[in-house]
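S.K.: target.txt is reproduced in full below (compact mmCIF, C-alpha atoms and all ligand atoms).
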```txt
# COMPACT_ATOMS: atom_id res chain seq x y z
CA MET A 440 36.70 22.97 18.58
CA VAL A 441 35.35 19.68 17.28
CA THR A 442 31.72 20.41 18.11
CA ASP A 443 31.78 23.64 16.10
CA GLN A 444 33.27 21.85 13.12
CA VAL A 445 30.60 19.18 13.33
CA SER A 446 27.81 21.66 13.38
CA ILE A 447 29.36 23.58 10.50
CA LYS A 448 29.51 20.38 8.48
CA GLN A 449 25.93 19.48 9.40
CA LYS A 450 24.77 22.92 8.37
CA ALA A 451 26.61 22.62 5.09
CA VAL A 452 25.05 19.20 4.43
CA TRP A 453 21.58 20.60 5.17
CA ALA A 454 22.29 23.48 2.81
CA ALA A 455 23.29 21.05 0.06
CA LEU A 456 20.10 19.07 0.64
CA GLN A 457 17.92 22.18 0.31
CA THR A 458 18.79 22.14 -3.40
CA VAL A 459 17.34 18.65 -3.90
CA MET A 460 13.77 18.92 -5.15
CA ASP A 461 11.05 16.30 -5.12
CA PRO A 462 11.00 14.78 -8.64
CA GLU A 463 7.20 14.97 -8.83
CA ILE A 464 6.74 18.44 -7.27
CA PRO A 465 10.02 20.09 -8.31
CA ILE A 466 9.49 23.35 -6.38
CA VAL A 467 9.40 21.63 -2.97
CA SER A 468 12.67 20.39 -1.50
CA VAL A 469 12.98 16.91 -0.03
CA CYS A 470 13.79 18.64 3.28
CA ASP A 471 10.52 20.59 3.28
CA LEU A 472 8.58 17.42 2.51
CA GLY A 473 10.09 15.79 5.60
CA ILE A 474 11.76 13.08 3.51
CA VAL A 475 15.16 13.98 4.99
CA ARG A 476 14.70 12.92 8.56
CA ASP A 477 18.06 13.62 10.11
CA VAL A 478 21.61 14.63 9.29
CA ASP A 479 24.73 13.99 11.32
CA GLU A 480 28.40 14.09 10.43
CA GLU A 481 28.35 10.60 8.95
CA GLU A 482 24.98 10.02 7.42
CA VAL A 483 21.77 11.44 6.04
CA ILE A 484 18.67 9.52 7.04
CA ILE A 485 15.81 9.58 4.56
CA THR A 486 12.38 8.00 4.63
CA PRO A 487 10.04 6.98 1.81
CA THR A 488 6.61 8.61 1.74
CA TYR A 489 4.62 5.59 0.49
CA SER A 490 5.78 1.94 0.35
CA GLY A 491 5.37 1.87 -3.41
CA CYS A 492 6.46 5.43 -4.19
CA PRO A 493 8.39 5.13 -7.47
CA ALA A 494 10.27 8.37 -6.70
CA THR A 495 12.02 6.94 -3.63
CA GLU A 496 15.03 5.53 -5.50
CA MET A 497 15.41 8.65 -7.60
CA ILE A 498 15.32 10.86 -4.49
CA GLY A 499 18.07 8.72 -2.92
CA LEU A 500 20.14 9.11 -6.07
CA ASP A 501 19.55 12.88 -6.29
CA ILE A 502 20.61 13.28 -2.66
CA ARG A 503 23.73 11.20 -3.29
CA MET A 504 24.64 13.42 -6.25
CA ALA A 505 24.03 16.65 -4.31
CA LEU A 506 26.25 15.41 -1.46
CA ASP A 507 29.03 14.39 -3.85
CA LYS A 508 28.82 17.71 -5.65
CA ALA A 509 29.15 19.59 -2.35
CA GLY A 510 32.19 17.48 -1.46
CA PHE A 511 30.48 15.23 1.08
CA ASP A 512 31.26 11.91 -0.56
CA ASP A 513 32.06 10.56 2.96
CA VAL A 514 28.46 11.07 4.08
CA LYS A 515 26.28 7.99 3.64
CA VAL A 516 22.58 7.97 2.75
CA ARG A 517 20.51 5.57 4.81
CA THR A 518 16.81 4.75 4.43
CA SER A 519 14.70 4.26 7.52
CA THR A 520 10.98 3.43 7.59
CA SER A 521 10.37 3.66 11.34
CA PRO A 522 8.65 5.75 12.52
CA PRO A 523 6.75 5.88 9.23
CA TRP A 524 6.67 9.13 7.28
CA THR A 525 3.75 11.38 8.04
CA THR A 526 2.39 14.50 6.35
CA ASP A 527 2.90 16.23 9.74
CA TRP A 528 6.59 16.45 8.80
CA ILE A 529 5.93 18.78 5.86
CA THR A 530 7.36 22.14 6.98
CA PRO A 531 5.40 25.45 6.90
CA LYS A 532 7.58 26.45 3.95
CA GLY A 533 6.76 23.14 2.27
CA ARG A 534 3.03 23.78 2.72
CA GLU A 535 3.38 27.23 1.14
CA LYS A 536 5.25 25.74 -1.80
CA LEU A 537 2.55 23.10 -2.28
CA ILE A 538 -0.12 25.81 -2.55
CA GLU A 539 2.12 27.64 -5.01
CA ALA A 540 2.21 24.45 -7.10
CA GLY A 541 -1.62 24.32 -7.04
CA ILE A 542 -1.72 21.45 -4.54
CA ALA A 543 -3.80 21.77 -1.37
CA PRO A 544 -1.67 20.82 1.66
CA PRO A 545 -2.96 18.28 4.22
CA VAL A 546 -5.55 19.87 6.52
CA GLN A 547 -5.50 17.53 9.49
CA SER A 548 -2.87 16.18 11.77
CA SER A 549 -2.28 12.50 11.03
CA GLY A 550 -2.89 11.92 14.76
CA SER A 551 -6.58 12.69 14.33
CA LYS A 552 -7.29 9.18 13.20
CA GLN A 553 -10.29 9.07 10.92
CA GLY A 554 -12.60 6.11 10.95
CA LEU A 555 -13.02 4.11 7.79
CA PHE A 556 -16.22 5.96 7.00
CA SER A 557 -15.68 9.27 8.72
CA ASP A 558 -16.72 12.54 7.15
CA LYS A 559 -14.28 13.90 4.64
CA PRO A 560 -12.39 17.01 5.71
CA ASN A 561 -13.20 20.29 4.03
CA ILE A 562 -10.39 21.16 1.63
CA PRO A 563 -9.95 24.80 0.55
CA CYS A 564 -9.24 25.32 -3.15
CA PRO A 565 -5.55 26.29 -3.58
CA LEU A 566 -6.48 28.64 -6.44
CA CYS A 567 -9.44 30.67 -5.10
CA GLN A 568 -9.54 29.55 -1.41
CA SER A 569 -13.21 28.55 -1.72
CA THR A 570 -14.23 25.71 0.59
CA ASN A 571 -16.99 24.72 -1.82
CA THR A 572 -14.96 21.74 -3.08
CA ILE A 573 -15.78 18.10 -3.76
CA LEU A 574 -13.73 14.92 -3.66
CA VAL A 575 -13.56 13.38 -7.15
CA SER A 576 -11.27 10.46 -6.32
CA GLN A 577 -9.37 9.31 -3.24
CA PHE A 578 -6.39 8.62 -5.53
CA GLY A 579 -5.08 11.38 -7.78
CA SER A 580 -2.04 11.59 -10.01
CA THR A 581 0.03 9.79 -7.35
CA ALA A 582 -0.81 7.70 -4.28
CA CYS A 583 -0.06 10.64 -1.97
CA LYS A 584 -2.67 12.87 -3.57
CA ALA A 585 -6.46 12.87 -3.89
CA LEU A 586 -8.31 14.57 -6.73
CA TYR A 587 -10.70 17.41 -5.88
CA LYS A 588 -12.78 19.86 -7.85
CA CYS A 589 -13.63 23.43 -6.87
CA GLY A 590 -17.33 24.32 -7.02
CA ASP A 591 -16.62 28.03 -7.48
CA CYS A 592 -13.68 28.42 -9.87
CA LEU A 593 -14.48 24.93 -11.29
CA GLU A 594 -10.79 23.99 -11.47
CA PRO A 595 -9.73 20.46 -10.58
CA PHE A 596 -6.86 20.27 -8.09
CA ASP A 597 -4.71 17.79 -6.19
CA TYR A 598 -4.94 17.46 -2.43
CA PHE A 599 -1.98 16.09 -0.46
CA LYS A 600 -3.71 13.47 1.73
CA CYS A 601 -2.95 13.09 5.42
CA ILE A 602 -1.06 9.95 6.29
CA MET B 1194 15.79 -23.21 9.04
CA SER B 1195 14.45 -23.79 12.52
CA ASN B 1196 10.71 -24.41 12.88
CA SER B 1197 10.06 -20.91 14.13
CA SER B 1198 11.94 -19.22 11.31
CA GLU B 1199 10.20 -21.48 8.80
CA ALA B 1200 6.83 -20.36 10.17
CA LEU B 1201 7.95 -16.74 9.94
CA PHE B 1202 9.26 -17.25 6.39
CA ASN B 1203 5.93 -18.76 5.34
CA PHE B 1204 3.97 -15.97 6.99
CA CYS B 1205 5.96 -13.34 5.07
CA LEU B 1206 5.27 -15.26 1.86
CA ARG B 1207 1.55 -15.57 2.65
CA LEU B 1208 1.09 -11.84 3.09
CA GLY B 1209 3.75 -10.81 0.56
CA ASP B 1210 2.39 -13.15 -2.14
CA SER B 1211 -1.19 -12.04 -1.47
CA ASN B 1212 -0.11 -8.42 -1.96
CA LEU B 1213 1.90 -9.28 -5.07
CA ILE B 1214 -0.81 -11.30 -6.80
CA LEU B 1215 -3.56 -8.82 -5.95
CA GLY B 1216 -1.36 -5.95 -7.14
CA HIS B 1217 -0.78 -7.79 -10.41
CA ARG B 1218 -4.49 -8.45 -10.88
CA LEU B 1219 -5.27 -4.76 -10.30
CA SER B 1220 -2.59 -3.73 -12.78
CA GLU B 1221 -4.47 -5.74 -15.43
CA TRP B 1222 -7.07 -2.96 -15.25
CA CYS B 1223 -4.56 -0.38 -16.48
CA GLY B 1224 -6.19 1.39 -19.43
CA HIS B 1225 -9.43 -0.59 -19.02
CA ALA B 1226 -11.12 0.85 -15.92
CA PRO B 1227 -14.63 2.34 -16.34
CA ILE B 1228 -13.39 5.92 -15.86
CA LEU B 1229 -9.97 7.59 -15.93
CA GLU B 1230 -10.05 8.48 -12.21
CA GLU B 1231 -10.68 4.85 -11.39
CA ASP B 1232 -7.89 3.68 -13.66
CA MET B 1233 -5.54 5.87 -11.62
CA ALA B 1234 -7.01 4.77 -8.29
CA LEU B 1235 -6.63 1.07 -9.06
CA MET B 1236 -3.03 1.59 -10.22
CA ASN B 1237 -2.21 3.53 -7.06
CA VAL B 1238 -3.60 0.75 -4.89
CA ALA B 1239 -1.62 -1.77 -6.97
CA LEU B 1240 1.53 0.27 -6.47
CA ASP B 1241 1.04 0.43 -2.69
CA LEU B 1242 0.60 -3.34 -2.64
CA LEU B 1243 3.69 -3.87 -4.75
CA GLY B 1244 5.76 -1.61 -2.48
CA GLN B 1245 4.56 -3.56 0.53
CA THR B 1246 5.36 -6.83 -1.25
CA ARG B 1247 8.98 -5.75 -1.66
CA VAL B 1248 9.40 -5.27 2.09
CA LEU B 1249 7.82 -8.63 2.90
CA LEU B 1250 9.60 -10.72 0.26
CA THR B 1251 12.95 -9.10 1.07
CA TYR B 1252 12.42 -9.96 4.72
CA ALA B 1253 11.28 -13.51 3.82
CA GLY B 1254 14.56 -13.97 1.96
CA GLU B 1255 16.56 -12.74 4.97
CA VAL B 1256 14.69 -15.05 7.34
CA GLU B 1257 15.27 -17.99 5.01
CA GLY B 1258 18.98 -17.17 4.76
CA LYS B 1259 19.60 -18.84 1.40
CA GLY B 1260 20.44 -15.65 -0.45
CA ARG B 1261 17.09 -15.28 -2.23
CA ASP B 1262 16.06 -11.64 -2.69
CA GLU B 1263 12.65 -10.15 -3.51
CA ASP B 1264 13.08 -10.74 -7.27
CA LYS B 1265 14.18 -14.36 -6.87
CA LEU B 1266 11.15 -15.03 -4.71
CA ALA B 1267 8.72 -13.22 -7.00
CA TYR B 1268 9.98 -14.55 -10.33
CA HIS B 1269 11.68 -17.89 -9.65
CA ARG B 1270 8.99 -19.81 -7.82
CA ASP B 1271 6.26 -21.97 -9.29
CA THR B 1272 2.54 -22.13 -8.47
CA PHE B 1273 2.76 -24.53 -5.55
CA ASP B 1274 5.40 -22.43 -3.80
CA PHE B 1275 3.12 -19.39 -3.81
CA LYS B 1276 1.30 -18.92 -0.49
CA ASN B 1277 -1.22 -16.23 -1.39
CA VAL B 1278 -4.84 -16.71 -0.40
CA GLN B 1279 -7.02 -17.97 -3.26
CA LEU B 1280 -9.23 -14.87 -3.05
CA VAL B 1281 -6.61 -12.61 -4.65
CA GLU B 1282 -5.80 -14.85 -7.62
CA GLN B 1283 -9.42 -14.87 -8.84
CA PRO B 1284 -9.77 -13.18 -12.23
CA ASN B 1285 -10.93 -9.57 -12.37
CA GLY B 1286 -14.34 -10.40 -13.88
CA ASP B 1287 -16.38 -7.24 -14.22
CA PHE B 1288 -15.74 -4.12 -12.15
CA ALA B 1289 -18.13 -5.35 -9.44
CA GLU B 1290 -16.22 -8.64 -9.03
CA THR B 1291 -12.92 -6.75 -8.78
CA LEU B 1292 -14.41 -4.53 -6.07
CA ALA B 1293 -15.94 -7.40 -4.10
CA ARG B 1294 -12.55 -9.15 -4.06
CA GLN B 1295 -10.84 -5.88 -3.14
CA CYS B 1296 -13.24 -4.94 -0.36
CA PHE B 1297 -12.99 -8.39 1.23
CA PHE B 1298 -9.21 -8.29 1.11
CA ASP B 1299 -8.77 -4.63 2.15
CA ASN B 1300 -10.79 -5.03 5.32
CA TYR B 1301 -8.99 -8.26 6.23
CA HIS B 1302 -5.64 -6.63 5.40
CA TYR B 1303 -6.38 -3.64 7.63
CA LEU B 1304 -7.32 -5.78 10.62
CA LEU B 1305 -4.29 -8.02 10.10
CA LEU B 1306 -1.94 -5.02 9.96
CA GLU B 1307 -3.48 -3.64 13.15
CA LYS B 1308 -2.51 -6.88 14.91
CA LEU B 1309 0.88 -6.87 13.23
CA SER B 1310 1.56 -3.30 14.39
CA VAL B 1311 2.16 -4.68 17.91
CA SER B 1312 4.09 -7.77 16.74
CA SER B 1313 7.06 -9.11 18.69
CA ASP B 1314 8.93 -9.01 15.36
CA GLN B 1315 10.33 -5.54 14.76
CA THR B 1316 10.49 -5.70 10.96
CA LEU B 1317 6.85 -6.76 10.73
CA ARG B 1318 5.85 -4.16 13.30
CA ASP B 1319 7.54 -1.35 11.35
CA HIS B 1320 6.06 -2.62 8.10
CA ALA B 1321 2.55 -2.72 9.58
CA ASN B 1322 2.74 0.79 11.00
CA LYS B 1323 3.64 2.16 7.60
CA ALA B 1324 1.27 -0.01 5.55
CA LEU B 1325 -1.74 0.73 7.80
CA LYS B 1326 -1.67 4.36 6.68
CA GLU B 1327 -1.96 3.23 3.07
CA VAL B 1328 -4.50 0.44 3.53
CA ARG B 1329 -6.88 2.79 5.36
CA TYR B 1330 -7.36 4.56 2.01
CA HIS B 1331 -7.76 1.23 0.18
CA CYS B 1332 -10.63 0.33 2.55
CA GLN B 1333 -12.32 3.67 1.97
CA HIS B 1334 -11.96 3.34 -1.77
CA SER B 1335 -13.40 -0.17 -2.16
CA GLY B 1336 -16.06 0.31 0.53
CA GLU B 1337 -17.39 3.48 -1.06
CA TRP B 1338 -17.66 1.79 -4.45
CA ILE B 1339 -19.61 -1.14 -2.99
CA VAL B 1340 -22.06 1.35 -1.47
CA ARG B 1341 -22.31 3.39 -4.66
CA LEU B 1342 -22.98 0.37 -6.87
CA GLY B 1343 -25.11 -1.57 -4.38
CA ASP B 1344 -27.30 1.44 -3.64
CA GLY B 1345 -27.24 2.56 -7.28
CA THR B 1346 -29.34 1.49 -10.23
CA GLU B 1347 -31.23 -1.77 -10.51
CA GLU B 1348 -28.51 -3.20 -12.74
CA SER B 1349 -25.56 -2.02 -10.63
CA HIS B 1350 -27.29 -3.46 -7.54
CA ARG B 1351 -27.86 -6.81 -9.22
CA ARG B 1352 -24.31 -7.07 -10.53
CA MET B 1353 -22.78 -6.01 -7.20
CA GLN B 1354 -24.88 -8.59 -5.35
CA ASP B 1355 -23.90 -11.29 -7.87
CA ALA B 1356 -20.23 -10.40 -7.39
CA ILE B 1357 -20.51 -10.57 -3.60
CA ASN B 1358 -22.24 -13.96 -3.83
CA GLU B 1359 -19.68 -15.37 -6.29
CA THR B 1360 -16.64 -14.22 -4.33
CA TRP B 1361 -17.84 -14.94 -0.81
CA CYS B 1362 -16.65 -18.57 -0.79
CA PHE B 1363 -13.02 -17.39 -0.87
CA THR B 1364 -13.29 -15.39 2.34
CA GLY B 1365 -13.37 -18.42 4.66
CA GLU B 1366 -9.68 -19.09 4.08
CA LEU B 1367 -8.72 -15.68 5.47
CA PHE B 1368 -9.79 -16.72 8.96
CA THR B 1369 -8.67 -20.36 9.03
CA ASP B 1370 -5.91 -21.19 11.53
CA THR B 1371 -3.08 -23.57 10.66
CA ALA B 1372 -0.48 -25.15 12.95
CA GLU B 1373 1.99 -22.49 11.87
CA ASP B 1374 -0.50 -19.73 12.67
CA ARG B 1375 -0.81 -21.10 16.19
CA GLU B 1376 2.96 -21.21 16.55
CA LEU B 1377 3.28 -17.58 15.41
CA ALA B 1378 0.46 -16.48 17.71
CA GLU B 1379 2.17 -18.10 20.69
CA ALA B 1380 5.40 -16.29 19.85
CA GLY B 1381 3.51 -12.99 19.73
CA VAL B 1382 4.37 -12.48 16.05
CA VAL B 1383 0.80 -12.17 14.83
CA ALA B 1384 -2.64 -12.95 16.22
CA LEU B 1385 -4.56 -15.99 14.95
CA PRO B 1386 -6.44 -15.46 11.67
CA SER B 1387 -9.65 -16.62 13.39
CA SER B 1388 -9.36 -13.69 15.81
CA LEU B 1389 -9.87 -11.24 12.93
CA LYS B 1390 -13.21 -12.68 11.91
CA ASP B 1391 -15.53 -10.76 14.26
CA GLY B 1392 -14.03 -7.41 13.33
CA TRP B 1393 -14.20 -8.26 9.63
CA ASN B 1394 -17.83 -9.39 9.88
CA LYS B 1395 -18.71 -6.16 11.63
CA GLN B 1396 -17.04 -4.00 8.98
CA LEU B 1397 -18.52 -5.98 6.09
CA SER B 1398 -22.01 -5.90 7.63
CA ALA B 1399 -21.81 -2.11 7.91
CA ILE B 1400 -20.74 -1.76 4.28
CA LEU B 1401 -23.27 -4.27 2.91
CA SER B 1402 -26.19 -2.82 4.84
CA GLU B 1403 -25.37 0.72 3.69
CA ALA B 1404 -25.12 -0.68 0.16
CA THR B 1405 -28.53 -2.41 0.54
CA LEU B 1406 -26.83 -5.72 -0.26
CA GLU B 1407 -27.39 -9.13 1.33
CA ARG B 1408 -24.65 -10.92 3.22
CA PRO B 1409 -24.30 -14.44 1.76
CA GLU B 1410 -24.21 -17.55 3.95
CA ASP B 1411 -20.76 -18.82 4.92
CA VAL B 1412 -19.70 -21.93 3.01
CA PRO B 1413 -17.07 -24.60 3.77
CA VAL B 1414 -13.55 -23.42 2.98
CA PRO B 1415 -12.20 -24.85 -0.28
CA ALA B 1416 -8.53 -25.81 -0.67
CA MET B 1417 -6.16 -23.36 0.98
CA GLY B 1418 -3.99 -21.08 -1.10
CA LYS B 1419 -1.84 -20.33 1.90
CA ALA B 1420 -0.90 -24.03 1.99
CA GLY B 1421 0.09 -23.89 -1.69
CA ALA B 1422 -3.15 -25.23 -3.21
CA HIS B 1423 -4.34 -22.90 -5.94
CA SER B 1424 -7.03 -22.52 -8.56
CA GLU B 1425 -5.98 -22.87 -12.20
CA HIS B 1426 -6.03 -19.06 -12.53
CA LEU B 1427 -2.75 -18.57 -10.67
CA GLY B 1428 -0.75 -20.54 -13.24
CA TYR B 1429 -1.88 -18.26 -16.08
CA LEU B 1430 -1.16 -15.17 -14.00
CA LEU B 1431 2.37 -16.36 -13.16
CA ALA B 1432 3.04 -17.33 -16.77
CA GLU B 1433 2.49 -13.72 -17.71
CA MET B 1434 4.08 -12.07 -14.67
CA GLN B 1435 7.18 -14.27 -14.77
CA PHE B 1436 7.55 -14.50 -18.55
CA LEU B 1437 10.67 -12.39 -18.86
CA GLN B 1438 12.56 -14.06 -16.03
CA ARG B 1439 11.59 -17.50 -17.31
CA SER B 1440 12.76 -16.76 -20.85
CA TYR B 1441 15.82 -14.74 -19.89
CA PRO B 1442 16.76 -15.80 -16.35
CA ASP B 1443 18.29 -13.00 -14.26
CA ALA B 1444 17.89 -10.47 -17.04
CA THR B 1445 18.26 -6.87 -15.87
CA TRP B 1446 17.62 -3.59 -17.66
ZN ZN C 1501 -11.36 27.39 -6.68
```
Can you give me the file's structure in the form of structure tokens?

M.R.:
Amino acid sequence: MVTDQVSIKQKAVWAALQTVMDPEIPIVSVCDLGIVRDVDEEEVIITPTYSGCPATEMIGLDIRMALDKAGFDDVKVRTSTSPPWTTDWITPKGREKLIEAGIAPPVQSSGSKQGLFSDKPNIPCPLCQSTNTILVSQFGSTACKALYKCGDCLEPFDYFKCI
Amino acid sequence: MSNSSEALFNFCLRLGDSNLILGHRLSEWCGHAPILEEDMALMNVALDLLGQTRVLLTYAGEVEGKGRDEDKLAYHRDTFDFKNVQLVEQPNGDFAETLARQCFFDNYHYLLLEKLSVSSDQTLRDHANKALKEVRYHCQHSGEWIVRLGDGTEESHRRMQDAINETWCFTGELFTDTAEDRELAEAGVVALPSSLKDGWNKQLSAILSEATLERPEDVPVPAMGKAGAHSEHLGYLLAEMQFLQRSYPDATW
């Protein structure tokens, strides 16, 4: 049965990809971040998070190596930018892992388009869950994160911005 | 190249070069910004712009069809072949001048990408839909600083107003239509630059009034960067940015 074989191969490719971690947040897999968009018997389609994300090439290389190691050297890796990556594609497991890493996951759906001067969303502190937090800078350690500070436990933390 | 692909090639250079030169200017702040958070913010904006440049220059090279890639276009062209608007090549000045330049460009960039997101050209459409998500944060960042400094202390207000006044003369070029712009608009590639002006004025008025700053009078447009006429500043910038490729052509590492 060809279809069964295909799905077995796809499952095995997905399983191999689960071991590939984001280079900047190494406890979250590239699958849970929504960077791996699709897998079929011939190719893995990946998408960059930000246009200038310096991790994009490394992620492509890590995926290539994981595929080769699992014996899928016939599976190609293709980059696609349309539709553009959105934080909505981060899986529930990915969101949990972000909190574990001390990073607040995105709070809004990217569909709720904010105006240029709209009110900032209320971000709960990933360490003590307090919502008494303030935005320190719209750009944190990387373009995908903003820098916040908790008013209760006083810890600074990263927030994964909605895009 | 046919006329229409030449217009498309030049458009990709105009936006790609503007992103590249502005990104380079911002990167000159690395290690020098007033506070650490701002150092990181400016570098992140620069990185977004550089990433967007790569898409546009790569596509320009494909449209041209002479085998030039993004690096050839960025490093092996001279001043008069650069098509960036003059606004972005202006030196950083103080932090207020950097922010005035940035705020003027960000708001123009956002409106341009909105038009481009429904372009008849698929590559530009895809690019715009991705870049819009990033530029929205650039607009917030520069706009909020203008408000903070304008509505801040007496000195920050004065310096922000001076910066707005000094930089304003370079905004006229953003909305000036050329024959190629009209050709591209007819083909549905991108709306005329002049059609962005009302939206830009509205956004700038909102920012300036919240910042308690005065909007300067419009002045006649000086020479056009997008036609290849540049201020002396661009030559110095390129000399630094292109140094390695000029001294060691096609070096890789
Ligand atoms: Zn806390």

S.K.: Counting all atoms listed in the file, name the residues that have an atom within 7 Å of an atom of ligand ZN 1501 (chain C); the answer should be given as a PyMOL selection string.

M.R.: chain A and resi 564-569+589-594

S.K.: Take CA of Glu480 (chain A) and CA of Trp528 (chain A) and report the distance between them in Å, one decimal.

M.R.: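 Atom-to-atom, CA of Glu480 (chain A) to CA of Trp528 (chain A), that is 22.0 Å.
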
S.K.: Considering all atoms listed in the file, return as number ranges by chain whatever protein or nucleic-acid residues lie within 10 Å of region 1380-1393 of chain B, sequence-local ones (same chain, fewer than 5 positions apart) excluded.

M.R.: B: 1197, 1201, 1204, 1297-1315, 1317-1318, 1364-1371, 1373-1375, 1398-1399

S.K.: Determine, using only C-alpha atoms, which residues of chain A have any atom at most 8 Å from an atom of chain B, and tabulate each with its shortest atom pair and distance in Å to one decimal place, rows ordered by chain and then rising number, as CSV.

M.R.:
```
residue,atom,partner,partner_atom,distance
A:Tyr489,CA,B:Asp1241,CA,7.0
A:Ser490,CA,B:Gly1244,CA,4.5
A:Gly491,CA,B:Gly1244,CA,3.6
A:Cys492,CA,B:Gly1244,CA,7.3
A:Thr520,CA,B:Asp1319,CA,7.0
A:Ser521,CA,B:Asp1319,CA,5.8
A:Pro522,CA,B:Asp1319,CA,7.3
A:Pro523,CA,B:Lys1323,CA,5.1
A:Trp524,CA,B:Lys1323,CA,7.6
A:Leu555,CA,B:Gln1333,CA,5.9
A:Phe556,CA,B:Gln1333,CA,6.8
A:Val575,CA,B:Glu1230,CA,7.9
A:Ser576,CA,B:Glu1230,CA,6.3
A:Gln577,CA,B:His1334,CA,6.7
A:Phe578,CA,B:Ala1234,CA,4.8
A:Gly579,CA,B:Met1233,CA,6.7
A:Ser580,CA,B:Met1233,CA,6.9
A:Thr581,CA,B:Asn1237,CA,6.7
A:Ala582,CA,B:Asn1237,CA,5.2
A:Ile602,CA,B:Lys1326,CA,5.6
```

S.K.: Counting all atoms listed in the file, what is within 12 Å of Val452 (chain A), bar same-chain residues fewer than 2 positions away, as a PyMOL selection string?

M.R.: chain A and resi 445-450+454-459+470+475+477-484+502-503+505-516

S.K.: So the first atom is CA of Glu496 (chain A) and the second is CA of Asp1262 (chain B); what is the distance between them in Å, to one decimal place?

M.R.: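 Result for CA of Glu496 (chain A) versus CA of Asp1262 (chain B): 17.4 Å, one decimal.
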
S.K.: Identify which of the residues A:Ile529, A:Cys601, A:Leu537, A:Ala494 lies closest to Pro560 (chain A), counting only C-alpha atoms when measuring atom-to-atom distances.

M.R.: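 Once distances to Pro560 (chain A) are computed over only C-alpha atoms, the minimum belongs to A:Cys601.
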
S.K.: Rounded to one decimal in Å, what is the spacing between CA of Lys532 (chain A) and CA of Pro563 (chain A)?

M.R.: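 Interatomic distance here is 17.9 Å.
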
S.K.: Can you work out which one of B:Leu1229, B:Val1278, B:Cys1205, B:Leu1266 has the shortest atom-to-atom distance to Lys1419 (chain B), counting all atoms listed in the file?

M.R.: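 Residue with the minimum atom-to-atom distance to Lys1419 (chain B): B:Val1278.
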
S.K.: Could you give me, as a CSV table (one decimal) with C-alpha atoms, keeping the file's coordinate frame, the residues within 8 Å of Ile474 (chain A), counting only C-alpha atoms and dropping anything in the same chain fewer than 3 positions from it?

M.R.:
```csv
chain,number,residue,atom,x,y,z
A,469,VAL,CA,13.0,16.9,0.0
A,470,CYS,CA,13.8,18.6,3.3
A,471,ASP,CA,10.5,20.6,3.3
A,485,ILE,CA,15.8,9.6,4.6
A,486,THR,CA,12.4,8.0,4.6
A,487,PRO,CA,10.0,7.0,1.8
A,488,THR,CA,6.6,8.6,1.7
A,524,TRP,CA,6.7,9.1,7.3
```

S.K.: Given the point (10.9, -16.0, 4.2) in the coordinates of this file, which residues lie within 9 Å, counting only C-alpha atoms, and how would they look as a tab-separated table (two decimals) with C-alpha atoms, in the frame of the given file?

M.R.:
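Output (selection39.tsv):
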```
chain	number	residue	atom	x	y	z
B	1198	SER	CA	11.94	-19.22	11.31
B	1199	GLU	CA	10.20	-21.48	8.80
B	1200	ALA	CA	6.83	-20.36	10.17
B	1201	LEU	CA	7.95	-16.74	9.94
B	1202	PHE	CA	9.26	-17.25	6.39
B	1203	ASN	CA	5.93	-18.76	5.34
B	1204	PHE	CA	3.97	-15.97	6.99
B	1205	CYS	CA	5.96	-13.34	5.07
B	1206	LEU	CA	5.27	-15.26	1.86
B	1249	LEU	CA	7.82	-8.63	2.90
B	1250	LEU	CA	9.60	-10.72	0.26
B	1251	THR	CA	12.95	-9.10	1.07
B	1252	TYR	CA	12.42	-9.96	4.72
B	1253	ALA	CA	11.28	-13.51	3.82
B	1254	GLY	CA	14.56	-13.97	1.96
B	1255	GLU	CA	16.56	-12.74	4.97
B	1256	VAL	CA	14.69	-15.05	7.34
B	1257	GLU	CA	15.27	-17.99	5.01
B	1258	GLY	CA	18.98	-17.17	4.76
B	1261	ARG	CA	17.09	-15.28	-2.23
B	1266	LEU	CA	11.15	-15.03	-4.71
```

S.K.: Rank B:Asn1358, B:Leu1437, B:Leu1430, B:Ala1444 by their smallest atom-to-atom distance to Glu1410 (chain B), using only C-alpha atoms, and report the top residue only.

M.R.: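 That would be B:Asn1358, the residue with the smallest distance to Glu1410 (chain B).
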
S.K.: Using all atoms of region 1261-1269 of chain B listed in the file and a margin of 4 Å per side, can you give the axis-aligned box centre and edge lengths in Å to one decimal, as JSON?

M.R.:
```
{"center_x": 12.9, "center_y": -14.0, "center_z": -6.3, "size_x": 16.4, "size_y": 15.7, "size_z": 16.1}
```

S.K.: Skipping near chain neighbours, those fewer than 2 positions away, what residues fall within 12 Å of Asp1287 (chain B) using all atoms listed in the file, listed as a list in words?

M.R.: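 Those residues are Trp1222, His1225, Ala1226, Pro1227, Gln1283, Pro1284, Asn1285, Ala1289, Glu1290, Thr1291, Leu1292, Ala1293, Arg1294, Ser1349, Arg1352, Met1353, Asp1355, Ala1356, Ile1357 and Glu1359 of chain B.
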